[in-house]
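*Asks:* Coordinates in start_22.txt, compact mmCIF, C-alpha atoms and all ligand atoms, are listed below.
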# COMPACT_ATOMS: atom_id res chain seq x y z
CA MET A 36 -28.68 22.65 18.07
CA PRO A 37 -26.40 19.68 17.47
CA HIS A 38 -26.00 18.58 13.87
CA ALA A 39 -28.57 15.94 12.87
CA THR A 40 -26.00 13.13 12.96
CA GLU A 41 -24.41 14.32 16.21
CA PRO A 42 -25.03 11.81 18.97
CA THR A 43 -26.27 13.39 22.17
CA TYR A 44 -24.14 13.01 25.23
CA LYS A 45 -25.32 13.07 28.82
CA HIS A 46 -22.06 12.21 30.54
CA ILE A 47 -19.24 13.64 28.44
CA SER A 48 -18.50 16.83 26.50
CA VAL A 49 -17.28 16.45 22.94
CA THR A 50 -15.63 19.35 21.12
CA PRO A 51 -14.62 18.83 17.47
CA ILE A 52 -11.00 19.79 16.71
CA GLY A 53 -11.02 19.42 12.93
CA PRO A 54 -13.33 19.72 9.96
CA THR A 55 -14.19 16.01 9.72
CA ILE A 56 -12.26 13.97 12.32
CA GLY A 57 -11.01 14.51 15.83
CA ALA A 58 -12.67 15.68 19.04
CA GLU A 59 -11.55 16.58 22.51
CA VAL A 60 -13.52 14.79 25.20
CA SER A 61 -13.92 16.00 28.75
CA GLY A 62 -16.00 14.89 31.70
CA VAL A 63 -14.51 11.41 32.09
CA ASP A 64 -13.25 10.55 35.56
CA PHE A 65 -10.25 8.30 34.92
CA SER A 66 -9.46 7.83 38.60
CA LYS A 67 -11.85 4.86 38.63
CA PRO A 68 -13.19 2.37 36.07
CA VAL A 69 -15.21 4.15 33.39
CA PRO A 70 -18.91 3.22 33.87
CA ASP A 71 -20.70 1.52 30.98
CA GLU A 72 -23.02 4.43 30.24
CA VAL A 73 -20.02 6.77 29.95
CA PHE A 74 -18.08 4.25 27.92
CA ARG A 75 -20.99 3.87 25.47
CA GLU A 76 -20.86 7.61 24.82
CA ILE A 77 -17.10 7.43 24.25
CA LEU A 78 -17.73 4.66 21.70
CA SER A 79 -20.34 6.65 19.86
CA ALA A 80 -18.03 9.69 19.79
CA ILE A 81 -15.13 7.68 18.36
CA THR A 82 -17.44 6.10 15.79
CA LYS A 83 -18.20 9.58 14.53
CA TYR A 84 -14.86 11.34 15.01
CA GLY A 85 -12.29 8.54 14.58
CA VAL A 86 -9.85 10.27 16.98
CA LEU A 87 -10.54 11.34 20.57
CA VAL A 88 -8.23 13.43 22.72
CA PHE A 89 -8.47 13.19 26.50
CA ARG A 90 -6.38 15.93 28.14
CA HIS A 91 -4.62 15.09 31.41
CA ALA A 92 -6.35 11.72 31.77
CA ALA A 93 -3.32 10.92 33.95
CA LEU A 94 -3.64 7.15 33.69
CA ASP A 95 -0.89 4.97 35.06
CA ASP A 96 0.20 1.81 33.23
CA ARG A 97 -2.31 -0.39 35.02
CA ARG A 98 -5.32 1.84 34.45
CA HIS A 99 -4.25 2.50 30.87
CA VAL A 100 -4.44 -1.24 30.19
CA ALA A 101 -7.73 -1.54 32.12
CA PHE A 102 -9.35 1.28 30.12
CA ALA A 103 -8.10 -0.23 26.84
CA ARG A 104 -9.68 -3.56 27.78
CA GLN A 105 -13.08 -1.89 27.78
CA PHE A 106 -12.65 -1.46 23.99
CA GLY A 107 -12.06 -5.18 23.37
CA GLU A 108 -9.42 -7.88 23.28
CA LEU A 109 -5.88 -6.53 23.60
CA ASP A 110 -2.81 -7.24 21.51
CA ASP A 111 0.38 -7.88 23.49
CA VAL A 112 4.15 -7.95 23.09
CA LYS A 113 4.65 -11.54 24.25
CA PRO A 114 5.88 -12.81 20.86
CA TYR A 115 8.52 -10.07 20.79
CA ILE A 116 9.65 -10.87 24.31
CA ALA A 117 9.83 -14.56 23.40
CA ALA A 118 12.11 -13.50 20.55
CA GLY A 119 14.47 -11.80 22.99
CA ARG A 120 13.23 -8.21 23.23
CA LYS A 121 12.82 -6.67 26.65
CA ASN A 122 9.89 -4.55 27.68
CA ARG A 123 10.40 -1.64 30.08
CA PHE A 124 6.90 -2.14 31.45
CA ASP A 125 5.23 -4.58 33.82
CA PHE A 126 2.35 -5.12 31.38
CA ASP A 127 2.66 -7.17 28.19
CA GLU A 128 -0.26 -5.17 26.78
CA LEU A 129 1.80 -1.95 26.66
CA PHE A 130 3.71 -1.26 23.45
CA ASP A 131 6.77 0.93 23.81
CA VAL A 132 6.52 3.71 21.21
CA SER A 133 9.09 5.92 22.92
CA ASN A 134 12.50 7.09 21.78
CA LEU A 135 14.04 5.17 24.67
CA GLU A 136 16.10 2.02 24.67
CA ASP A 137 15.02 -0.82 26.94
CA ASP A 138 17.41 0.46 29.63
CA GLY A 139 15.74 3.91 29.53
CA SER A 140 18.55 5.72 27.69
CA LEU A 141 17.77 7.94 24.69
CA VAL A 142 17.72 6.22 21.31
CA ALA A 143 20.69 7.60 19.38
CA VAL A 144 20.06 9.09 15.96
CA ASP A 145 20.95 6.56 13.24
CA SER A 146 20.95 3.64 15.65
CA LYS A 147 19.10 0.46 14.77
CA ARG A 148 16.10 1.33 16.91
CA ASP A 149 15.96 4.81 15.36
CA HIS A 150 15.90 3.42 11.83
CA LEU A 151 13.32 0.74 12.64
CA SER A 152 11.00 3.17 14.41
CA ARG A 153 11.00 5.71 11.59
CA GLY A 154 8.24 3.68 9.95
CA ASN A 155 5.92 5.45 12.40
CA SER A 156 6.71 8.78 10.75
CA ILE A 157 4.80 7.93 7.58
CA PHE A 158 1.01 7.73 7.59
CA HIS A 159 -0.09 4.23 8.54
CA VAL A 160 -2.60 2.17 10.49
CA ASP A 161 -1.51 -0.13 13.28
CA SER A 162 -1.00 -3.85 12.64
CA SER A 163 -2.47 -4.11 9.12
CA PHE A 164 0.55 -6.38 8.46
CA ASN A 165 -0.47 -8.86 11.18
CA PRO A 166 -3.02 -11.62 10.57
CA ARG A 167 -5.51 -9.76 12.78
CA ARG A 168 -5.46 -6.02 12.32
CA ALA A 169 -5.80 -3.42 15.07
CA GLY A 170 -9.09 -1.73 15.84
CA PHE A 171 -8.44 0.98 18.42
CA SER A 172 -5.10 2.28 19.65
CA LEU A 173 -4.75 4.17 22.94
CA LEU A 174 -1.58 6.26 23.08
CA ARG A 175 -0.50 8.01 26.25
CA ALA A 176 2.27 10.49 26.93
CA ALA A 177 4.47 9.51 29.90
CA ALA A 178 7.23 12.04 29.08
CA LEU A 179 7.31 14.76 26.43
CA PRO A 180 9.97 16.92 24.80
CA PRO A 181 9.82 20.61 25.75
CA PRO A 182 7.32 22.67 23.71
CA GLY A 183 8.58 23.85 20.33
CA HIS A 184 10.34 20.59 19.46
CA GLY A 185 7.47 18.99 17.55
CA GLY A 186 6.36 15.44 18.14
CA ASN A 187 2.65 15.87 17.39
CA THR A 188 0.64 12.90 16.22
CA ASP A 189 -1.08 13.56 12.89
CA PHE A 190 -4.21 11.88 11.58
CA ALA A 191 -5.86 11.55 8.17
CA ASP A 192 -9.54 10.81 7.53
CA THR A 193 -9.82 7.79 5.22
CA ARG A 194 -13.65 7.76 5.25
CA THR A 195 -14.17 11.30 3.97
CA ALA A 196 -11.28 10.83 1.54
CA TYR A 197 -13.14 7.77 0.25
CA ASP A 198 -16.44 9.69 -0.04
CA GLU A 199 -14.73 12.38 -2.08
CA LEU A 200 -12.60 10.24 -4.39
CA PRO A 201 -12.42 11.62 -7.93
CA SER A 202 -14.92 9.66 -10.03
CA ALA A 203 -12.35 8.05 -12.36
CA LEU A 204 -10.42 6.71 -9.40
CA ARG A 205 -13.58 5.59 -7.64
CA SER A 206 -14.78 3.61 -10.65
CA GLN A 207 -11.36 2.04 -11.12
CA LEU A 208 -11.47 0.84 -7.49
CA GLN A 209 -15.02 -0.45 -7.90
CA ARG A 210 -14.10 -2.29 -11.10
CA HIS A 211 -11.17 -4.17 -9.60
CA ASP A 212 -11.96 -4.47 -5.88
CA TYR A 213 -8.24 -4.51 -5.10
CA VAL A 214 -6.66 -6.30 -2.20
CA GLY A 215 -3.73 -4.54 -0.54
CA ALA A 216 -0.76 -6.50 0.84
CA HIS A 217 0.64 -4.83 3.97
CA SER A 218 4.21 -5.29 5.17
CA ILE A 219 5.89 -3.66 8.16
CA TRP A 220 9.24 -4.16 6.44
CA HIS A 221 8.00 -2.17 3.47
CA SER A 222 7.06 0.89 5.57
CA ARG A 223 10.26 0.63 7.58
CA LYS A 224 12.33 0.62 4.42
CA LYS A 225 10.28 3.44 2.95
CA ALA A 226 10.92 5.67 5.97
CA ALA A 227 14.59 4.87 6.69
CA PRO A 228 17.68 5.97 4.77
CA PRO A 229 18.11 3.73 1.70
CA ASP A 230 21.52 2.57 2.89
CA SER A 231 20.37 1.72 6.43
CA PRO A 232 22.57 -1.21 7.52
CA TRP A 233 19.58 -2.84 9.27
CA LEU A 234 17.14 -2.52 6.41
CA LYS A 235 18.91 -2.28 3.08
CA ASP A 236 19.13 -6.04 2.59
CA VAL A 237 15.70 -6.86 3.99
CA GLU A 238 13.32 -8.16 1.34
CA PRO A 239 9.66 -7.66 2.41
CA ARG A 240 8.61 -10.59 0.20
CA ASP A 241 10.56 -12.94 2.47
CA PHE A 242 7.90 -12.35 5.14
CA PRO A 243 4.15 -13.00 5.19
CA MET A 244 2.00 -9.93 4.58
CA GLY A 245 -1.45 -8.92 5.81
CA ARG A 246 -4.05 -8.85 3.03
CA HIS A 247 -7.10 -6.61 3.19
CA ARG A 248 -9.54 -5.09 0.72
CA LEU A 249 -8.71 -1.50 -0.18
CA CYS A 250 -12.34 -0.40 -0.27
CA GLN A 251 -14.30 -1.35 2.79
CA VAL A 252 -17.29 -0.52 4.89
CA HIS A 253 -16.41 0.78 8.34
CA GLU A 254 -18.95 -1.34 10.19
CA ALA A 255 -19.48 0.80 13.27
CA SER A 256 -20.51 3.84 11.22
CA GLY A 257 -21.70 2.14 8.03
CA ARG A 258 -19.53 4.54 6.02
CA GLY A 259 -17.21 3.65 3.17
CA ASN A 260 -13.50 3.61 3.96
CA LEU A 261 -10.24 3.47 2.07
CA TYR A 262 -8.08 1.03 4.02
CA VAL A 263 -4.67 2.28 2.97
CA ALA A 264 -1.41 2.67 4.89
CA GLY A 265 2.29 3.22 4.44
CA HIS A 266 2.59 -0.54 4.88
CA LEU A 267 1.04 -1.16 1.45
CA HIS A 268 3.60 -3.12 -0.53
CA HIS A 269 1.57 -4.18 -3.56
CA LEU A 270 -1.95 -4.75 -4.82
CA GLU A 271 -3.69 -7.92 -5.96
CA VAL A 272 -6.82 -8.66 -7.97
CA GLU A 273 -8.89 -11.80 -8.22
CA ASP A 274 -8.13 -13.73 -11.41
CA GLU A 275 -9.54 -17.19 -12.04
CA GLY A 276 -6.94 -17.83 -14.73
CA VAL A 277 -4.11 -17.73 -12.23
CA GLU A 278 -3.06 -20.43 -9.80
CA GLY A 279 -4.34 -19.55 -6.34
CA GLY A 280 -6.91 -17.21 -7.85
CA TRP A 281 -4.98 -13.98 -7.20
CA ARG A 282 -2.85 -11.96 -9.57
CA GLU A 283 -0.42 -9.32 -8.40
CA VAL A 284 -0.94 -5.96 -10.08
CA GLU A 285 2.13 -5.15 -12.14
CA ALA A 286 4.61 -3.35 -9.88
CA GLU A 287 4.77 0.01 -11.62
CA GLU A 288 1.00 0.32 -12.00
CA GLY A 289 0.34 -0.95 -8.44
CA THR A 290 2.86 1.39 -6.86
CA ARG A 291 1.49 4.32 -8.84
CA LEU A 292 -2.03 3.61 -7.59
CA ILE A 293 -0.88 3.10 -3.98
CA GLU A 294 0.99 6.41 -4.04
CA GLU A 295 -1.94 8.19 -5.69
CA LEU A 296 -4.34 6.96 -3.01
CA LEU A 297 -1.98 7.80 -0.15
CA ALA A 298 -1.44 11.30 -1.57
CA TRP A 299 -5.20 11.73 -1.89
CA VAL A 300 -5.86 10.83 1.75
CA GLU A 301 -2.89 12.81 3.03
CA GLN A 302 -4.19 16.08 1.63
CA GLU A 303 -4.29 18.90 4.16
CA ARG A 304 -8.08 19.02 4.14
CA TYR A 305 -8.37 15.48 5.51
CA ARG A 306 -5.78 15.97 8.21
CA ILE A 307 -5.53 17.06 11.80
CA SER A 308 -2.44 17.41 13.97
CA VAL A 309 -2.77 16.64 17.66
CA GLU A 310 -0.35 18.42 19.93
CA TRP A 311 0.67 16.58 23.08
CA LYS A 312 0.34 19.32 25.65
CA GLU A 313 0.99 17.55 28.92
CA VAL A 314 2.19 14.30 30.34
CA GLY A 315 -0.96 12.30 31.00
CA ASP A 316 -2.68 13.26 27.73
CA LEU A 317 -4.30 10.27 26.06
CA VAL A 318 -5.31 9.93 22.41
CA VAL A 319 -7.53 7.10 21.18
CA TRP A 320 -8.08 6.39 17.49
CA ASP A 321 -9.81 3.85 15.31
CA ASN A 322 -7.28 2.34 12.90
CA THR A 323 -10.08 1.10 10.67
CA CYS A 324 -11.14 4.64 9.67
CA VAL A 325 -8.11 6.93 10.15
CA MET A 326 -4.40 6.79 9.37
CA HIS A 327 -1.84 8.34 11.71
CA ARG A 328 1.83 9.19 11.90
CA ALA A 329 4.39 10.55 14.36
CA GLY A 330 4.78 14.14 13.17
CA PRO A 331 8.15 15.78 12.59
CA GLY A 332 10.24 17.18 15.43
CA THR A 333 13.68 18.29 16.51
CA PHE A 334 13.80 16.31 19.76
CA ALA A 335 15.38 13.12 18.40
CA GLY A 336 18.53 12.22 20.29
CA LYS A 337 18.01 15.20 22.63
CA TYR A 338 14.80 14.83 24.63
CA MET A 339 12.71 11.94 25.88
CA ARG A 340 9.37 11.27 24.27
CA ASP A 341 7.98 8.37 26.25
CA MET A 342 4.81 7.18 24.52
CA ARG A 343 3.00 4.02 25.57
CA ARG A 344 0.31 2.34 23.54
CA CYS A 345 -2.38 -0.24 24.09
CA THR A 346 -3.59 -1.86 20.90
CA VAL A 347 -7.08 -3.35 20.69
CA HIS A 348 -7.62 -6.16 18.19
CA ASP A 349 -10.28 -5.32 15.65
CA SER A 350 -13.47 -7.21 16.35
CA SER A 351 -15.36 -6.28 13.18
CA SER A 352 -16.02 -8.91 10.50
CA LEU A 353 -13.07 -7.47 8.52
CA ALA A 354 -10.54 -7.96 11.32
CA TRP A 355 -8.66 -10.79 9.60
CA GLY A 356 -9.02 -9.54 6.06
CA LEU A 357 -8.10 -12.39 3.72
CA ASN A 358 -5.55 -13.76 6.17
CA GLU A 359 -5.42 -17.13 7.75
CA LYS A 360 -6.28 -16.87 11.44
CA SER A 361 -3.16 -17.29 13.53
CA ASP A 362 -1.50 -15.47 16.40
CA LYS A 363 1.71 -14.83 14.48
CA ARG A 364 3.08 -11.28 14.61
CA MET A 365 5.15 -9.64 11.94
CA GLY A 366 8.13 -7.37 12.35
CA LEU A 367 10.47 -9.83 13.99
CA PRO A 368 13.67 -10.31 12.03
C1 LIG B 401 1.71 4.45 17.35
C2 LIG B 401 2.27 5.55 16.53
C3 LIG B 401 2.82 7.90 16.63
C4 LIG B 401 3.42 8.83 17.61
O1 LIG B 401 1.78 4.54 18.57
O2 LIG B 401 1.16 3.51 16.77
O3 LIG B 401 2.33 5.44 15.33
O4 LIG B 401 3.17 10.04 17.48
N1 LIG B 401 2.62 6.65 17.21
O5 LIG B 401 4.16 8.37 18.48
MN MN B 402 1.19 3.53 14.73
How does the structure come out when it is put into structure tokens?

*Replies:*
Amino acid sequence: MPHATEPTYKHISVTPIGPTIGAEVSGVDFSKPVPDEVFREILSAITKYGVLVFRHAALDDRRHVAFARQFGELDDVKPYIAAGRKNRFDFDELFDVSNLEDDGSLVAVDSKRDHLSRGNSIFHVDSSFNPRRAGFSLLRAAALPPPGHGGNTDFADTRTAYDELPSALRSQLQRHDYVGAHSIWHSRKKAAPPDSPWLKDVEPRDFPMGRHRLCQVHEASGRGNLYVAGHLHHLEVEDEGVEGGWREVEAEEGTRLIEELLAWVEQERYRISVEWKEVGDLVVWDNTCVMHRAGPGTFAGKYMRDMRRCTVHDSSSLAWGLNEKSDKRMGLP
């Protein structure tokens, strides 16, 4: 008997891969557009599990983008290209998350691209620093390092971590209803060597940040969620006595709380690690209820790991947080 809250599936098979998040899905024919009735089951599975793994989906770039579009409006790399970056792909909706330079050569250890991409190695959600945050991400393996060299993608369950918050922490969050300010420069600096020539003089405050409530309702499931990420630079609280109506939480106290919450969510019991087994594997996650990171590995500078991502804009009522609506993107120098 399925668990009481387990949706029933007629078209797909769903096998949980962790205690609270993550499931492997089979039975989807990716050689043609995914029919609505199948797609609806995929949506209900991701609402419950937050992370879905599709083994050997074998999508090409075009079908990857087409499948992503079924989830909603897609983010694209046009602003980065306008700023002078190249994209190896024919589709502006594909984000290059590989360890390859634009010309296809391996990113050298301690190069600029290496330092900037290390932000992915700490737990985060995609695009919380942009005016409109990401909903779903669809990551596909186009080339993988040989087995034994790491390179998993790890996930952490921010809904169950929220449910199980220690009561003192929970009441502190309820009392203040904090807003978190997210900066991609903050997470990049956090993950790179402190003396990185490309990051040491960058001041995150010189760039706009994305502002979102820490405690949220994940609309699709109706469950509470802790919207935290390695991008969290500082916290703010509403204060009528201050110009603008927002007061920044004092740095030491804010940082302590951010780190305490991240450590809480990153506990082993809320985590799963997804191994990329074959080229063609596809992993889809909901950034509004799980964090993720590129797991450790020994392939850097030695083996290709060609990962391509479609990013779906969030379409829930919390998509823009407290941000002004604009199509600006952060992360450009
Ligand atoms: C991403 C990301 C992790 C990985 O694509 O957003 O963080 O394992 N990727 O490559
Ligand atoms: Mn990411």

*Asks:* Show me which residues line ligand MN 402 (chain B), defined as having an atom within 10 Å of a ligand atom where only C-alpha atoms and all ligand atoms count, and present them as a PDB file with C-alpha atoms, in the frame of the given file.

*Replies:*
ATOM      1  CA  VAL A 132       6.520   3.710  21.210  1.00  0.00           C
ATOM      2  CA  SER A 152      11.000   3.170  14.410  1.00  0.00           C
ATOM      3  CA  GLY A 154       8.240   3.680   9.950  1.00  0.00           C
ATOM      4  CA  ASN A 155       5.920   5.450  12.400  1.00  0.00           C
ATOM      5  CA  SER A 156       6.710   8.780  10.750  1.00  0.00           C
ATOM      6  CA  ILE A 157       4.800   7.930   7.580  1.00  0.00           C
ATOM      7  CA  PHE A 158       1.010   7.730   7.590  1.00  0.00           C
ATOM      8  CA  HIS A 159      -0.090   4.230   8.540  1.00  0.00           C
ATOM      9  CA  VAL A 160      -2.600   2.170  10.490  1.00  0.00           C
ATOM     10  CA  ASP A 161      -1.510  -0.130  13.280  1.00  0.00           C
ATOM     11  CA  SER A 162      -1.000  -3.850  12.640  1.00  0.00           C
ATOM     12  CA  ALA A 169      -5.800  -3.420  15.070  1.00  0.00           C
ATOM     13  CA  SER A 172      -5.100   2.280  19.650  1.00  0.00           C
ATOM     14  CA  LEU A 174      -1.580   6.260  23.080  1.00  0.00           C
ATOM     15  CA  THR A 188       0.640  12.900  16.220  1.00  0.00           C
ATOM     16  CA  ASN A 322      -7.280   2.340  12.900  1.00  0.00           C
ATOM     17  CA  MET A 326      -4.400   6.790   9.370  1.00  0.00           C
ATOM     18  CA  HIS A 327      -1.840   8.340  11.710  1.00  0.00           C
ATOM     19  CA  ARG A 328       1.830   9.190  11.900  1.00  0.00           C
ATOM     20  CA  ALA A 329       4.390  10.550  14.360  1.00  0.00           C
ATOM     21  CA  ARG A 344       0.310   2.340  23.540  1.00  0.00           C
ATOM     22  CA  THR A 346      -3.590  -1.860  20.900  1.00  0.00           C
TER      23      THR A 346
END

*Asks:* Find the distance between CA of Ala176 in chain A and CA of Asp138 in chain A and write it in Å to one decimal.

*Replies:*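 Between these atoms lies a distance of 18.4 Å.
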
*Asks:* Just want the 6 Å neighbourhood of range 214-224 of chain A, counted on only C-alpha atoms, with same-chain residues fewer than 4 positions away dropped. Output as a list in words.

*Replies:* Leu151, Gly154, Phe164, Pro239, Met244, Gly245, Arg246, His247, Arg248, Leu249, Gly265, His266, Leu267, His268, His269, Leu270 and Glu271 of chain A

*Asks:* Calculated over all atoms listed in the file, which of the candidates A:Ile307, A:Ala143, A:Val237, A:Leu200 has the smallest distance to Lys225 in chain A?

*Replies:* A:Val237

*Asks:* For CA of Val318 in chain A and atom C2 of ligand LIG 401 (chain B), quote the distance in Å rounded to one decimal.

*Replies:*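 Atom C2 of ligand LIG 401 (chain B) lies at a distance of 10.5 Å from CA of Val318 in chain A.
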
*Asks:* When you count all atoms listed in the file, which of these residues is closest to Ala80 in chain A: A:Val60, A:Leu234, A:Leu357, A:Ile116?

*Replies:* A:Val60

*Asks:* Between A:Ala286, A:Val272, A:Leu353, A:Leu179, single out the one closest to ligand LIG 401 (chain B), counting all atoms listed in the file.

*Replies:* A:Leu179

*Asks:* Just want the 9 Å neighbourhood of Gly53 in chain A, counted on only C-alpha atoms, with same-chain residues fewer than 5 positions away dropped. Output as a list in words.

*Replies:*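 Here the qualifying residues turn out to be Ala58, Tyr305, Arg306, Ile307 and Ser308 of chain A.
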
*Asks:* Have a look at A:Trp233, A:Phe190, A:Phe74, A:Tyr84 and name the one nearest to ligand LIG 401 (chain B); count only C-alpha atoms and all ligand atoms.

*Replies:*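 Result for the nearest residue to ligand LIG 401 (chain B): A:Phe190.
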
*Asks:* What separation in Å, quoted to one decimal, exists between CA of Lys337 in chain A and CA of Asn187 in chain A?

*Replies:*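 Between CA of Lys337 in chain A and CA of Asn187 in chain A the gap works out to 16.2 Å.
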
*Asks:* Considering only C-alpha atoms and all ligand atoms, can you say which of A:Ile77, A:Leu129, A:Ala255, A:Cys324 comes closest to ligand LIG 401 (chain B)?

*Replies:* A:Leu129

*Asks:* Nearest to Glu310 in chain A among A:Gly185, A:Asp145, A:Asp96, A:Phe65, with distances taken over only C-alpha atoms: which residue is it?

*Replies:* A:Gly185

*Asks:* In file coordinates, which residues lie within 6 Å of (16.8, 4.3, 10.1) using all atoms listed in the file, given as a list in words?

*Replies:*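 Taken together, the residues in range are Asp145, Asp149, His150, Leu151, Ala227, Pro228 and Ser231 of chain A.
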
*Asks:* Could you list as a PDB file with C-alpha atoms, in the frame of the given file every residue that has an atom within 10 Å of (1.0, -8.8, 26.2), using the file's coordinates and counting only C-alpha atoms?

*Replies:*
ATOM      1  CA  LEU A 109      -5.880  -6.530  23.600  1.00  0.00           C
ATOM      2  CA  ASP A 110      -2.810  -7.240  21.510  1.00  0.00           C
ATOM      3  CA  ASP A 111       0.380  -7.880  23.490  1.00  0.00           C
ATOM      4  CA  VAL A 112       4.150  -7.950  23.090  1.00  0.00           C
ATOM      5  CA  LYS A 113       4.650 -11.540  24.250  1.00  0.00           C
ATOM      6  CA  PRO A 114       5.880 -12.810  20.860  1.00  0.00           C
ATOM      7  CA  TYR A 115       8.520 -10.070  20.790  1.00  0.00           C
ATOM      8  CA  ILE A 116       9.650 -10.870  24.310  1.00  0.00           C
ATOM      9  CA  ASN A 122       9.890  -4.550  27.680  1.00  0.00           C
ATOM     10  CA  ASP A 125       5.230  -4.580  33.820  1.00  0.00           C
ATOM     11  CA  PHE A 126       2.350  -5.120  31.380  1.00  0.00           C
ATOM     12  CA  ASP A 127       2.660  -7.170  28.190  1.00  0.00           C
ATOM     13  CA  GLU A 128      -0.260  -5.170  26.780  1.00  0.00           C
ATOM     14  CA  LEU A 129       1.800  -1.950  26.660  1.00  0.00           C
ATOM     15  CA  PHE A 130       3.710  -1.260  23.450  1.00  0.00           C
ATOM     16  CA  CYS A 345      -2.380  -0.240  24.090  1.00  0.00           C
ATOM     17  CA  THR A 346      -3.590  -1.860  20.900  1.00  0.00           C
TER      18      THR A 346
END

*Asks:* Need to verify the contact set: Glu295 in chain A, 12 Å, only C-alpha atoms, exclusion of same-chain residues closer than 3 positions in sequence. Can you return it as an MDAnalysis selection string?

*Replies:* chainID A and resid 200:201 204 263:264 288:292 298:302

*Asks:* Please provide the set of residues having any atom within 9 Å of Asp362 in chain A, restricted to all atoms listed in the file, with same-chain residues fewer than 4 positions apart removed, written as an NGL selection string.

*Replies:* :A and (165-167)

*Asks:* So that I can check the surroundings of Ser352 in chain A, please list as a PyMOL selection string every protein, DNA and RNA residue that reaches within 12 Å of it, counting all atoms listed in the file and ignoring chain neighbours fewer than 6 positions away.

*Replies:* chain A and resi 167-168+170+247+251-255+323
